[in-house]
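K.L.:
Below is the file input13.pdb, with PDB, C-alpha atoms.
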```pdb
ATOM      1  CA  MET D 195       0.000   0.000   0.000
ATOM      2  CA  LYS D 196       1.120   3.522  -0.712
ATOM      3  CA  GLN D 197       1.862   5.853   2.156
ATOM      4  CA  GLU D 198      -1.102   8.117   1.416
ATOM      5  CA  GLU D 199      -3.419   5.094   1.374
ATOM      6  CA  ILE D 200      -2.157   4.015   4.787
ATOM      7  CA  PHE D 201      -2.635   7.530   6.177
ATOM      8  CA  GLN D 202      -6.167   7.654   4.776
ATOM      9  CA  LEU D 203      -7.084   4.289   6.313
ATOM     10  CA  PHE D 204      -5.612   5.408   9.619
ATOM     11  CA  ARG D 205      -7.781   8.544   9.566
ATOM     12  CA  ASN D 206     -10.842   6.507   8.606
ATOM     13  CA  PHE D 207     -10.387   4.084  11.486
ATOM     14  CA  GLU D 208      -9.803   6.919  13.945
ATOM     15  CA  GLU D 209     -12.853   8.867  12.771
ATOM     16  CA  ILE D 210     -15.375   6.056  13.309
ATOM     17  CA  ALA D 211     -14.120   5.096  16.773
ATOM     18  CA  LEU D 212     -16.707   5.921  19.419
ATOM     19  CA  ASP D 213     -17.348   5.685  23.135
ATOM     20  CA  TYR D 214     -19.772   2.922  24.145
ATOM     21  CA  GLU D 215     -20.491   2.770  27.867
ATOM     22  CA  GLY D 216     -17.053   4.201  28.634
ATOM     23  CA  VAL D 217     -15.173   1.826  26.301
ATOM     24  CA  GLU D 218     -13.574   2.677  22.953
ATOM     25  CA  CYS D 219     -15.489   0.733  20.289
ATOM     26  CA  TRP D 220     -16.163   0.530  16.565
ATOM     27  CA  SER D 221     -19.586  -0.051  14.998
ATOM     28  CA  ALA D 222     -19.515  -3.268  12.963
ATOM     29  CA  ARG D 223     -21.797  -1.631  10.377
ATOM     30  CA  GLU D 224     -19.351   1.236   9.906
ATOM     31  CA  LEU D 225     -16.253  -0.934  10.106
ATOM     32  CA  TYR D 226     -16.928  -3.604   7.514
ATOM     33  CA  PRO D 227     -16.672  -1.330   4.410
ATOM     34  CA  LEU D 228     -13.320  -0.072   5.716
ATOM     35  CA  LEU D 229     -12.113  -3.668   5.859
ATOM     36  CA  GLY D 230     -12.875  -4.186   2.188
ATOM     37  CA  TYR D 231     -16.171  -6.074   2.576
ATOM     38  CA  THR D 232     -19.146  -5.176   0.405
ATOM     39  CA  LYS D 233     -21.709  -7.478   2.012
ATOM     40  CA  TRP D 234     -22.755  -7.406   5.653
ATOM     41  CA  GLU D 235     -23.493 -11.154   5.552
ATOM     42  CA  ASN D 236     -19.911 -11.990   4.570
ATOM     43  CA  PHE D 237     -18.583  -9.800   7.350
ATOM     44  CA  CYS D 238     -20.866 -11.558   9.864
ATOM     45  CA  ASN D 239     -19.082 -14.817   8.991
ATOM     46  CA  VAL D 240     -15.757 -13.213   9.934
ATOM     47  CA  ILE D 241     -17.266 -11.931  13.191
ATOM     48  CA  GLU D 242     -18.332 -15.477  14.105
ATOM     49  CA  LYS D 243     -14.784 -16.727  13.532
ATOM     50  CA  ALA D 244     -13.498 -13.912  15.732
ATOM     51  CA  LYS D 245     -15.974 -14.854  18.473
ATOM     52  CA  THR D 246     -14.731 -18.455  18.322
ATOM     53  CA  ALA D 247     -11.149 -17.225  18.726
ATOM     54  CA  CYS D 248     -12.305 -15.107  21.676
ATOM     55  CA  ARG D 249     -13.859 -18.127  23.395
ATOM     56  CA  GLN D 250     -10.724 -20.196  22.760
ATOM     57  CA  ALA D 251      -8.728 -17.474  24.513
ATOM     58  CA  GLU D 252     -11.131 -17.871  27.464
ATOM     59  CA  VAL D 253     -12.274 -14.255  27.152
ATOM     60  CA  ALA D 254     -15.939 -13.292  27.653
ATOM     61  CA  VAL D 255     -17.415 -12.749  24.177
ATOM     62  CA  GLU D 256     -20.256 -10.561  25.472
ATOM     63  CA  ASN D 257     -17.741  -8.047  26.803
ATOM     64  CA  HIS D 258     -16.215  -7.474  23.367
ATOM     65  CA  PHE D 259     -19.051  -8.119  20.875
ATOM     66  CA  PRO D 260     -22.234  -6.630  22.423
ATOM     67  CA  ASP D 261     -25.274  -6.619  20.112
ATOM     68  CA  VAL D 262     -27.016  -3.274  19.508
ATOM     69  CA  ARG D 263     -29.525  -1.773  17.093
ATOM     70  CA  LYS D 264     -28.980   1.284  14.932
ATOM     71  CA  MET D 265     -31.067   3.376  12.551
ATOM     72  CA  VAL D 266     -30.023   3.542   8.888
ATOM     73  CA  ALA D 267     -31.417   5.656   6.043
ATOM     74  CA  ILE D 268     -33.463   3.814   3.425
ATOM     75  CA  GLY D 269     -34.266   6.775   1.188
ATOM     76  CA  SER D 270     -36.763   9.650   1.088
ATOM     77  CA  GLY D 271     -35.746  10.615   4.621
ATOM     78  CA  ALA D 272     -37.036   7.319   6.055
ATOM     79  CA  GLU D 273     -35.015   5.121   8.424
ATOM     80  CA  LYS D 274     -35.183   1.575   9.677
ATOM     81  CA  SER D 275     -33.650  -0.280  12.614
ATOM     82  CA  VAL D 276     -30.972  -2.871  11.789
ATOM     83  CA  GLU D 277     -28.800  -5.136  13.868
ATOM     84  CA  ASP D 278     -25.338  -3.901  14.703
ATOM     85  CA  MET D 279     -22.547  -4.736  17.091
ATOM     86  CA  MET D 280     -20.148  -2.693  19.174
ATOM     87  CA  LEU D 281     -16.640  -4.046  18.726
ATOM     88  CA  THR D 282     -13.897  -3.364  21.264
ATOM     89  CA  ARG D 283     -10.317  -2.920  20.162
ATOM     90  CA  TYR D 284      -9.675  -6.553  21.064
ATOM     91  CA  ALA D 285     -12.707  -7.687  19.032
ATOM     92  CA  CYS D 286     -11.489  -5.690  16.023
ATOM     93  CA  TYR D 287      -8.060  -7.261  16.371
ATOM     94  CA  LEU D 288      -9.590 -10.769  16.321
ATOM     95  CA  ILE D 289     -11.736  -9.854  13.309
ATOM     96  CA  ALA D 290      -8.690  -8.610  11.437
ATOM     97  CA  GLN D 291      -6.810 -11.811  12.296
ATOM     98  CA  ASN D 292      -9.702 -13.879  10.881
ATOM     99  CA  GLY D 293     -10.367 -11.709   7.837
ATOM    100  CA  ASP D 294      -9.339 -12.242   4.231
ATOM    101  CA  PRO D 295      -5.553 -11.686   4.246
ATOM    102  CA  ARG D 296      -5.638 -10.867   0.530
ATOM    103  CA  LYS D 297      -7.453  -7.626   1.284
ATOM    104  CA  PRO D 298      -4.973  -4.775   1.868
ATOM    105  CA  GLU D 299      -7.476  -3.244   4.321
ATOM    106  CA  ILE D 300      -7.322  -6.400   6.456
ATOM    107  CA  SER D 301      -3.515  -6.296   6.420
ATOM    108  CA  PHE D 302      -3.656  -2.699   7.610
ATOM    109  CA  ALA D 303      -6.225  -3.514  10.304
ATOM    110  CA  GLN D 304      -4.128  -6.409  11.635
ATOM    111  CA  ASN D 305      -1.259  -4.046  12.270
ATOM    112  CA  TYR D 306      -3.401  -1.084  13.346
ATOM    113  CA  PHE D 307      -5.265  -2.938  16.088
ATOM    114  CA  ALA D 308      -2.169  -4.873  17.176
ATOM    115  CA  VAL D 309      -0.352  -1.572  17.714
ATOM    116  CA  GLN D 310      -3.392  -0.027  19.400
ATOM    117  CA  THR D 311      -3.677  -2.994  21.769
ATOM    118  CA  ARG D 312       0.021  -2.839  22.579
ATOM    119  CA  ARG D 313      -0.254   0.915  23.112
ATOM    120  CA  ALA D 314      -3.039   0.385  25.663
ATOM    121  CA  GLU D 315      -0.911  -2.193  27.480
ATOM    122  CA  LEU D 316       2.019   0.236  27.589
ATOM    123  CA  VAL D 317      -0.197   3.038  28.892
ATOM    124  CA  GLN D 318      -1.527   0.754  31.631
ATOM    125  CA  GLN D 319       1.999  -0.334  32.544
ATOM    126  CA  ARG D 320       3.177   3.277  32.704
ATOM    127  CA  MET D 321       0.218   4.240  34.915
ATOM    128  CA  LEU D 322       1.055   1.424  37.339
ATOM    129  CA  GLN D 323       4.684   2.546  37.445
ATOM    130  CA  GLN D 324       3.612   6.140  38.054
ATOM    131  CA  GLU D 325       1.314   4.988  40.859
ATOM    132  CA  ARG D 326       4.254   3.250  42.562
ATOM    133  CA  VAL D 327       6.492   6.322  42.262
ATOM    134  CA  VAL D 328       3.744   8.500  43.750
ATOM    135  CA  ALA D 329       3.146   5.994  46.575
ATOM    136  CA  ARG D 330       6.864   5.958  47.420
ATOM    137  CA  ALA D 331       6.998   9.765  47.508
ATOM    138  CA  LYS D 332       3.919   9.791  49.728
ATOM    139  CA  LEU D 333       5.549   7.341  52.158
ATOM    140  CA  ALA D 334       8.675   9.507  52.342
ATOM    141  CA  GLU D 335       6.483  12.540  53.074
ATOM    142  CA  THR D 336       4.517  10.682  55.769
ATOM    143  CA  GLU D 337       7.676   9.412  57.464
ATOM    144  CA  LYS D 338       9.174  12.907  57.398
ATOM    145  CA  LYS D 339       6.050  14.288  59.062
ATOM    146  CA  LEU D 340       6.068  11.459  61.613
ATOM    147  CA  SER D 341       9.732  12.099  62.379
ATOM    148  CA  GLY D 342       8.894  15.751  63.128
ATOM    149  CA  VAL D 343       6.006  14.783  65.400
ATOM    150  CA  LEU D 344       8.208  12.320  67.291
ATOM    151  CA  TYR D 345      11.071  14.793  67.639
ATOM    152  CA  GLU D 346       8.714  17.202  69.407
ATOM    153  CA  ARG D 347       7.851  14.364  71.815
ATOM    154  CA  GLY D 348      11.359  13.435  72.873
ATOM    155  CA  VAL D 349      12.369  10.923  70.184
ATOM    156  CA  ASP D 350      15.664  11.549  68.343
ATOM    157  CA  ASN D 351      16.732  10.204  64.939
ATOM    158  CA  LYS D 352      18.147   7.002  66.443
ATOM    159  CA  GLY D 353      14.931   6.387  68.340
ATOM    160  CA  PHE D 354      12.863   7.030  65.205
ATOM    161  CA  ALA D 355      14.956   4.507  63.263
ATOM    162  CA  ILE D 356      14.312   1.883  65.960
ATOM    163  CA  ILE D 357      10.570   2.623  65.973
ATOM    164  CA  ARG D 358      10.371   2.383  62.196
ATOM    165  CA  SER D 359      12.387  -0.845  62.147
ATOM    166  CA  ASN D 360      10.147  -2.466  64.762
ATOM    167  CA  GLY D 361       7.121  -1.324  62.777
ATOM    168  CA  ASP D 362       8.511  -3.091  59.696
ATOM    169  CA  ARG D 363       9.084  -6.218  61.774
ATOM    170  CA  ALA D 364       5.439  -6.135  62.891
ATOM    171  CA  LEU D 365       4.214  -5.674  59.307
ATOM    172  CA  PHE D 366       6.533  -8.108  57.501
ATOM    173  CA  ARG D 367       7.738 -10.398  60.339
ATOM    174  CA  LEU D 368      11.292  -9.608  59.186
ATOM    175  CA  ASN D 369      13.987  -7.397  60.679
ATOM    176  CA  THR D 370      15.544  -4.647  58.568
ATOM    177  CA  GLU D 371      18.398  -6.775  57.189
ATOM    178  CA  GLN D 372      16.070  -9.677  56.390
ATOM    179  CA  LEU D 373      13.588  -7.328  54.753
ATOM    180  CA  LYS D 374      16.278  -5.861  52.504
ATOM    181  CA  ARG D 375      17.521  -9.299  51.498
ATOM    182  CA  ARG D 376      13.984 -10.507  50.834
ATOM    183  CA  PHE D 377      13.236  -7.619  48.449
ATOM    184  CA  GLY D 378      16.717  -7.260  46.957
ATOM    185  CA  ALA D 379      17.558  -3.865  48.422
ATOM    186  CA  PRO D 380      21.264  -2.952  48.811
ATOM    187  CA  ALA D 381      22.417  -2.378  52.390
ATOM    188  CA  SER D 382      22.745   1.367  51.706
ATOM    189  CA  ARG D 383      19.212   1.762  50.335
ATOM    190  CA  PRO D 384      15.780   1.771  52.025
ATOM    191  CA  ALA D 385      13.859  -1.461  51.554
ATOM    192  CA  ALA D 386      10.829   0.646  50.580
ATOM    193  CA  ASP D 387      12.527   1.519  47.272
ATOM    194  CA  PHE D 388      12.139  -2.116  46.217
ATOM    195  CA  LEU D 389       8.733  -2.902  47.674
ATOM    196  CA  PRO D 390       5.668  -3.357  45.441
ATOM    197  CA  THR D 391       3.035  -0.626  45.500
ATOM    198  CA  LEU D 392       0.720  -2.446  47.904
ATOM    199  CA  ALA D 393       3.467  -2.921  50.490
ATOM    200  CA  ILE D 394       4.504   0.738  50.192
ATOM    201  CA  LYS D 395       0.921   1.843  50.767
ATOM    202  CA  ALA D 396       0.608  -0.537  53.725
ATOM    203  CA  LYS D 397       3.658   1.062  55.378
ATOM    204  CA  ASP D 398       2.290   4.508  54.634
ATOM    205  CA  PHE D 399      -1.115   3.664  56.135
ATOM    206  CA  ALA D 400       0.464   2.392  59.367
ATOM    207  CA  ALA D 401       2.724   5.450  59.616
ATOM    208  CA  GLU D 402      -0.236   7.789  59.063
ATOM    209  CA  MET D 403      -2.146   6.080  61.876
ATOM    210  CA  THR D 404       0.849   6.413  64.188
ATOM    211  CA  SER D 405       1.225  10.108  63.404
ATOM    212  CA  THR D 406      -2.464  10.712  64.105
ATOM    213  CA  ASN D 407      -2.677   8.602  67.278
ATOM    214  CA  VAL D 408       0.531   9.947  68.806
ATOM    215  CA  GLN D 409      -0.980  13.420  68.692
ATOM    216  CA  GLN D 410      -4.517  12.459  69.702
ATOM    217  CA  LYS D 411      -3.324  10.292  72.596
ATOM    218  CA  ASP D 412      -0.572  12.787  73.477
ATOM    219  CA  LEU D 413       2.073  10.039  73.579
ATOM    220  CA  ARG D 414       5.602  11.013  74.596
ATOM    221  CA  GLY D 415       8.887   9.143  74.669
ATOM    222  CA  GLN D 416      10.201   6.252  72.592
ATOM    223  CA  ILE D 417       8.590   3.288  74.393
ATOM    224  CA  PRO D 418       4.873   4.285  74.239
ATOM    225  CA  ILE D 419       5.235   5.581  70.688
ATOM    226  CA  GLU D 420       7.016   2.389  69.660
ATOM    227  CA  ARG D 421       4.147   0.311  71.087
ATOM    228  CA  GLU D 422       1.660   2.432  69.123
ATOM    229  CA  HIS D 423       3.570   2.045  65.860
ATOM    230  CA  VAL D 424       3.964  -1.717  66.283
ATOM    231  CA  ALA D 425       0.247  -2.027  67.053
ATOM    232  CA  ASN D 426      -0.671  -0.069  63.924
ATOM    233  CA  ASN D 427       1.591  -2.141  61.683
ATOM    234  CA  THR D 428       0.205  -5.308  63.241
ATOM    235  CA  ALA D 429      -3.333  -4.103  62.533
ATOM    236  CA  VAL D 430      -2.441  -3.416  58.886
ATOM    237  CA  ARG D 431      -0.811  -6.845  58.595
ATOM    238  CA  ASN D 432      -3.893  -8.559  60.007
ATOM    239  CA  MET D 433      -6.104  -6.669  57.576
ATOM    240  CA  LEU D 434      -3.974  -7.901  54.665
ATOM    241  CA  LEU D 435      -3.922 -11.459  56.010
ATOM    242  CA  ASP D 436      -7.719 -11.399  56.266
ATOM    243  CA  ARG D 437      -7.760 -10.685  52.513
ATOM    244  CA  GLY D 438      -5.325 -13.507  51.755
ATOM    245  CA  ILE D 439      -2.289 -11.241  51.310
ATOM    246  CA  VAL D 440       0.969 -12.056  53.123
ATOM    247  CA  PRO D 441       3.110  -8.875  52.956
ATOM    248  CA  GLU D 442       6.498 -10.614  53.015
ATOM    249  CA  ASN D 443       5.393 -12.946  50.201
ATOM    250  CA  LEU D 444       4.611 -10.114  47.782
ATOM    251  CA  PRO D 445       6.992  -9.998  44.785
ATOM    252  CA  ALA D 446       9.893  -7.563  44.878
ATOM    253  CA  ASP D 447       9.742  -4.716  42.377
ATOM    254  CA  GLU D 448      12.247  -2.727  40.348
ATOM    255  CA  ASP D 449      14.257  -0.005  42.056
ATOM    256  CA  VAL D 450      11.750   2.849  42.272
ATOM    257  CA  LYS D 451      14.523   5.373  41.555
ATOM    258  CA  LYS D 452      15.192   3.711  38.191
ATOM    259  CA  VAL D 453      11.473   3.723  37.427
ATOM    260  CA  GLU D 454      11.256   7.419  38.282
ATOM    261  CA  ARG D 455      14.245   8.279  36.063
ATOM    262  CA  ARG D 456      12.764   6.279  33.183
ATOM    263  CA  LEU D 457       9.399   8.040  33.474
ATOM    264  CA  LYS D 458      11.098  11.434  33.459
ATOM    265  CA  SER D 459      13.234  10.440  30.466
ATOM    266  CA  ASP D 460      10.153   9.278  28.544
ATOM    267  CA  ALA D 461       8.381  12.529  29.364
ATOM    268  CA  LYS D 462      11.280  14.509  27.869
ATOM    269  CA  LYS D 463      11.084  12.473  24.659
ATOM    270  CA  ILE D 464       7.352  13.136  24.357
ATOM    271  CA  ALA D 465       7.598  16.859  25.067
ATOM    272  CA  PRO D 466       7.695  19.049  21.955
ATOM    273  CA  ALA D 467      11.046  20.563  21.135
ATOM    274  CA  LYS D 468      11.501  24.163  22.137
ATOM    275  CA  PRO D 469      11.767  26.550  19.193
ATOM    276  CA  LYS D 470      15.273  27.733  18.590
ATOM    277  CA  GLU D 471      15.917  31.355  19.392
ATOM    278  CA  LYS D 472      16.847  33.433  16.420
ATOM    279  CA  LYS D 473      20.238  35.010  16.686
ATOM    280  CA  THR D 474      20.225  38.724  16.107
ATOM    281  CA  LYS D 475      23.074  40.133  14.165
ATOM    282  CA  LYS D 476      25.013  42.872  15.822
ATOM    283  CA  PRO D 477      24.919  46.112  13.927
TER
END
```
If you convert what's in this file into structure tokens, what do you get?

P.N.:
Amino acid sequence: MKQEEIFQLFRNFEEIALDYEGVECWSARELYPLLGYTKWENFCNVIEKAKTACRQAEVAVENHFPDVRKMVAIGSGAEKSVEDMMLTRYACYLIAQNGDPRKPEISFAQNYFAVQTRRAELVQQRMLQQERVVARAKLAETEKKLSGVLYERGVDNKGFAIIRSNGDRALFRLNTEQLKRRFGAPASRPAADFLPTLAIKAKDFAAEMTSTNVQQKDLRGQIPIEREHVANNTAVRNMLLDRGIVPENLPADEDVKKVERRLKSDAKKIAPAKPKEKKTKKP
């Protein structure tokens, strides 16, 4: 296919995409001419093959091929209701895979929807990575606030480190060294930098409770505050266990600092280039 033909098909596919109950979809009635089919009945045969492939992949067909009705013009301003189908991106991909490979439109669609599907996966992955970076920053902020609260109540940096370590032991049933080994953190780095998002949020939740309760209960000194922090981490652990989640058995994650640098680097690549300043000649 020529480049202009590819660009035109791309625009055509983009233009007929629509939102159906919050999901990006394509109308089967509008899609089949773009795929090189002249008869609706022939296209329905391809849809059935795609549904079979969907079932074989153990994916719910009704979630990707919902039946709908639509009004079409029949001349003289009159309309009639005909059967139609809303096709998700995944459904369109399966249709393209089961279409007539001799049609250049089908070849285009196979690549178009494969790329679109991959793009969605990459967006989801990036959002999950961003969520983890944000959760780690939130934990650092919470611990900084907690450290300030404790300092005002007679706990120095050494005491805070002991309290935090005993809190981790209550949450993960591992001491600091064991926790770092379990999640692959170097001795010089915080274990939290290698925890999965859920574990980071669990630590943050326990620390937030400690900060709140220390002030509400007017706790002072290392021992009573340590008991409070251990109790809060134990409560969070029990909540996770009740839901079938064992904190120390969660999978380790990539160094959050590397993830953060990668996200920033990607953002720079996406950002439009700044216009170059014109140099003015000196008179």

K.L.:
Residues around (-1.2, 7.2, 49.4), cut-off 8 Å, counting only C-alpha atoms - what are they as an NGL selection string?

P.N.:
:D and (328-329 or 332-333 or 395 or 398-399)

K.L.:
Which residues fall under the PyMOL selection byres ((chain D and resi 355) around 12) in this file, as a PDB file with C-alpha atoms, in the frame of the given file?

P.N.:
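Dumped to out34.pdb:
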```pdb
ATOM      1  CA  GLU D 337       7.676   9.412  57.464  1.00  0.00           C
ATOM      2  CA  LYS D 338       9.174  12.907  57.398  1.00  0.00           C
ATOM      3  CA  LEU D 340       6.068  11.459  61.613  1.00  0.00           C
ATOM      4  CA  SER D 341       9.732  12.099  62.379  1.00  0.00           C
ATOM      5  CA  LEU D 344       8.208  12.320  67.291  1.00  0.00           C
ATOM      6  CA  TYR D 345      11.071  14.793  67.639  1.00  0.00           C
ATOM      7  CA  VAL D 349      12.369  10.923  70.184  1.00  0.00           C
ATOM      8  CA  ASP D 350      15.664  11.549  68.343  1.00  0.00           C
ATOM      9  CA  ASN D 351      16.732  10.204  64.939  1.00  0.00           C
ATOM     10  CA  LYS D 352      18.147   7.002  66.443  1.00  0.00           C
ATOM     11  CA  GLY D 353      14.931   6.387  68.340  1.00  0.00           C
ATOM     12  CA  PHE D 354      12.863   7.030  65.205  1.00  0.00           C
ATOM     13  CA  ILE D 356      14.312   1.883  65.960  1.00  0.00           C
ATOM     14  CA  ILE D 357      10.570   2.623  65.973  1.00  0.00           C
ATOM     15  CA  ARG D 358      10.371   2.383  62.196  1.00  0.00           C
ATOM     16  CA  SER D 359      12.387  -0.845  62.147  1.00  0.00           C
ATOM     17  CA  ASN D 360      10.147  -2.466  64.762  1.00  0.00           C
ATOM     18  CA  GLY D 361       7.121  -1.324  62.777  1.00  0.00           C
ATOM     19  CA  ASP D 362       8.511  -3.091  59.696  1.00  0.00           C
ATOM     20  CA  THR D 370      15.544  -4.647  58.568  1.00  0.00           C
ATOM     21  CA  PRO D 384      15.780   1.771  52.025  1.00  0.00           C
ATOM     22  CA  GLN D 416      10.201   6.252  72.592  1.00  0.00           C
ATOM     23  CA  GLU D 420       7.016   2.389  69.660  1.00  0.00           C
ATOM     24  CA  HIS D 423       3.570   2.045  65.860  1.00  0.00           C
TER      25      HIS D 423
END
```

K.L.:
Determine the axis-aligned bounding box of all atoms of stretch 289-305 of chain D present in the file, pad each side by 6 Å, and express its centre and edge lengths in Å to one decimal place as JSON.

P.N.:
```
{"center_x": -6.5, "center_y": -8.3, "center_z": 6.9, "size_x": 22.5, "size_y": 23.2, "size_z": 24.8}
```

K.L.:
Taking (-9.4, -15.6, 7.9) in the file's own coordinates, collect the residues within 12 Å, counting all atoms listed in the file, and hand them back as a PyMOL selection string.

P.N.:
chain D and resi 236-237+239-244+247+287-297+300-301+304

K.L.:
Taking C-alpha atoms for each residue, export the selection above as an mmCIF file, keeping the file's coordinate frame.

P.N.:
```
data_model
loop_
_atom_site.group_PDB
_atom_site.id
_atom_site.type_symbol
_atom_site.label_atom_id
_atom_site.label_comp_id
_atom_site.auth_asym_id
_atom_site.auth_seq_id
_atom_site.Cartn_x
_atom_site.Cartn_y
_atom_site.Cartn_z
ATOM 1 C CA ASN D 236 -19.911 -11.990 4.570
ATOM 2 C CA PHE D 237 -18.583 -9.800 7.350
ATOM 3 C CA ASN D 239 -19.082 -14.817 8.991
ATOM 4 C CA VAL D 240 -15.757 -13.213 9.934
ATOM 5 C CA ILE D 241 -17.266 -11.931 13.191
ATOM 6 C CA GLU D 242 -18.332 -15.477 14.105
ATOM 7 C CA LYS D 243 -14.784 -16.727 13.532
ATOM 8 C CA ALA D 244 -13.498 -13.912 15.732
ATOM 9 C CA ALA D 247 -11.149 -17.225 18.726
ATOM 10 C CA TYR D 287 -8.060 -7.261 16.371
ATOM 11 C CA LEU D 288 -9.590 -10.769 16.321
ATOM 12 C CA ILE D 289 -11.736 -9.854 13.309
ATOM 13 C CA ALA D 290 -8.690 -8.610 11.437
ATOM 14 C CA GLN D 291 -6.810 -11.811 12.296
ATOM 15 C CA ASN D 292 -9.702 -13.879 10.881
ATOM 16 C CA GLY D 293 -10.367 -11.709 7.837
ATOM 17 C CA ASP D 294 -9.339 -12.242 4.231
ATOM 18 C CA PRO D 295 -5.553 -11.686 4.246
ATOM 19 C CA ARG D 296 -5.638 -10.867 0.530
ATOM 20 C CA LYS D 297 -7.453 -7.626 1.284
ATOM 21 C CA ILE D 300 -7.322 -6.400 6.456
ATOM 22 C CA SER D 301 -3.515 -6.296 6.420
ATOM 23 C CA GLN D 304 -4.128 -6.409 11.635
#
```

K.L.:
From the list D:Glu346, D:Lys451, D:Met265, D:Ala429, which residue is nearest D:Arg414 when using only C-alpha atoms?

P.N.:
D:Glu346

K.L.:
Which residues are close to D:Val217, i.e. within 9 Å by all atoms listed in the file, leaving aside same-chain residues fewer than 4 positions away? Reply as a PyMOL selection string.

P.N.:
chain D and resi 212-213+282

K.L.:
Let me make sure I understand: among D:Leu444, D:Leu365, D:Ile417, D:Ala400, which one has the smallest atom-to-atom distance to D:Arg431 if we use only C-alpha atoms?

P.N.:
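Of D:Leu444, D:Leu365, D:Ile417, D:Ala400, the one nearest D:Arg431 is D:Leu365, counting only C-alpha atoms.
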
K.L.:
Go through D:Asn427, D:Ala386, D:Cys219, D:Met321 one by one, measure the shortest atom-to-atom distance of each to D:Thr404 using only C-alpha atoms, and give the residue with the smallest value.

P.N.:
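The closest residue to D:Thr404 is D:Asn427.
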
K.L.:
Could you give me, as a VMD selection string, the residues within 9 Å of D:Glu442, counting all atoms listed in the file and dropping anything in the same chain fewer than 3 positions from it?

P.N.:
chain D and resid 365 to 368 373 376 to 377 393 439 445

K.L.:
Taking only C-alpha atoms into account, name the residue in D:Arg283, D:Arg363, D:Arg320, D:Lys339 that is nearest to D:Gln409.

P.N.:
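Closest to D:Gln409 of all the choices is D:Lys339.
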
K.L.:
Using the incomplete input, complete stretch 454-458 of chain D to the level of all heavy atoms; output as a PDB file, in the coordinates of the input.

P.N.:
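Writing the result to out08.pdb gives the following:
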```pdb
ATOM      1  N   GLU D 454      11.493   5.976  38.312  1.00  0.00           N
ATOM      2  CA  GLU D 454      11.256   7.419  38.282  1.00  0.00           C
ATOM      3  C   GLU D 454      12.098   8.095  37.206  1.00  0.00           C
ATOM      4  O   GLU D 454      11.608   8.945  36.460  1.00  0.00           O
ATOM      5  CB  GLU D 454      11.573   8.022  39.651  1.00  0.00           C
ATOM      6  CG  GLU D 454      11.189   9.483  39.785  1.00  0.00           C
ATOM      7  CD  GLU D 454      11.387   9.998  41.206  1.00  0.00           C
ATOM      8  OE1 GLU D 454      12.073   9.322  42.004  1.00  0.00           O
ATOM      9  OE2 GLU D 454      10.847  11.067  41.504  1.00  0.00           O
ATOM     10  N   ARG D 455      13.374   7.697  37.091  1.00  0.00           N
ATOM     11  CA  ARG D 455      14.245   8.279  36.063  1.00  0.00           C
ATOM     12  C   ARG D 455      13.743   7.935  34.665  1.00  0.00           C
ATOM     13  O   ARG D 455      13.775   8.773  33.755  1.00  0.00           O
ATOM     14  CB  ARG D 455      15.681   7.784  36.243  1.00  0.00           C
ATOM     15  CG  ARG D 455      16.403   8.387  37.440  1.00  0.00           C
ATOM     16  CD  ARG D 455      17.906   8.162  37.346  1.00  0.00           C
ATOM     17  NE  ARG D 455      18.249   6.741  37.399  1.00  0.00           N
ATOM     18  CZ  ARG D 455      18.510   6.081  38.518  1.00  0.00           C
ATOM     19  NH1 ARG D 455      18.458   6.705  39.685  1.00  0.00           N
ATOM     20  NH2 ARG D 455      18.846   4.809  38.484  1.00  0.00           N
ATOM     21  N   ARG D 456      13.261   6.695  34.495  1.00  0.00           N
ATOM     22  CA  ARG D 456      12.764   6.279  33.183  1.00  0.00           C
ATOM     23  C   ARG D 456      11.509   7.061  32.785  1.00  0.00           C
ATOM     24  O   ARG D 456      11.359   7.482  31.640  1.00  0.00           O
ATOM     25  CB  ARG D 456      12.472   4.782  33.188  1.00  0.00           C
ATOM     26  CG  ARG D 456      12.069   4.234  31.825  1.00  0.00           C
ATOM     27  CD  ARG D 456      12.100   2.730  31.772  1.00  0.00           C
ATOM     28  NE  ARG D 456      11.190   2.124  32.711  1.00  0.00           N
ATOM     29  CZ  ARG D 456      11.559   1.396  33.758  1.00  0.00           C
ATOM     30  NH1 ARG D 456      12.842   1.196  34.013  1.00  0.00           N
ATOM     31  NH2 ARG D 456      10.666   0.865  34.560  1.00  0.00           N
ATOM     32  N   LEU D 457      10.615   7.275  33.757  1.00  0.00           N
ATOM     33  CA  LEU D 457       9.399   8.040  33.474  1.00  0.00           C
ATOM     34  C   LEU D 457       9.737   9.474  33.088  1.00  0.00           C
ATOM     35  O   LEU D 457       9.130  10.045  32.175  1.00  0.00           O
ATOM     36  CB  LEU D 457       8.483   8.024  34.693  1.00  0.00           C
ATOM     37  CG  LEU D 457       7.814   6.679  35.031  1.00  0.00           C
ATOM     38  CD1 LEU D 457       7.057   6.787  36.345  1.00  0.00           C
ATOM     39  CD2 LEU D 457       6.891   6.232  33.918  1.00  0.00           C
ATOM     40  N   LYS D 458      10.691  10.068  33.770  1.00  0.00           N
ATOM     41  CA  LYS D 458      11.098  11.434  33.459  1.00  0.00           C
ATOM     42  C   LYS D 458      11.755  11.501  32.084  1.00  0.00           C
ATOM     43  O   LYS D 458      11.536  12.451  31.320  1.00  0.00           O
ATOM     44  CB  LYS D 458      12.048  11.964  34.529  1.00  0.00           C
ATOM     45  CG  LYS D 458      11.376  12.248  35.865  1.00  0.00           C
ATOM     46  CD  LYS D 458      12.375  12.786  36.877  1.00  0.00           C
ATOM     47  CE  LYS D 458      11.687  13.107  38.207  1.00  0.00           C
ATOM     48  NZ  LYS D 458      12.650  13.606  39.218  1.00  0.00           N
TER      49      LYS D 458
END
```
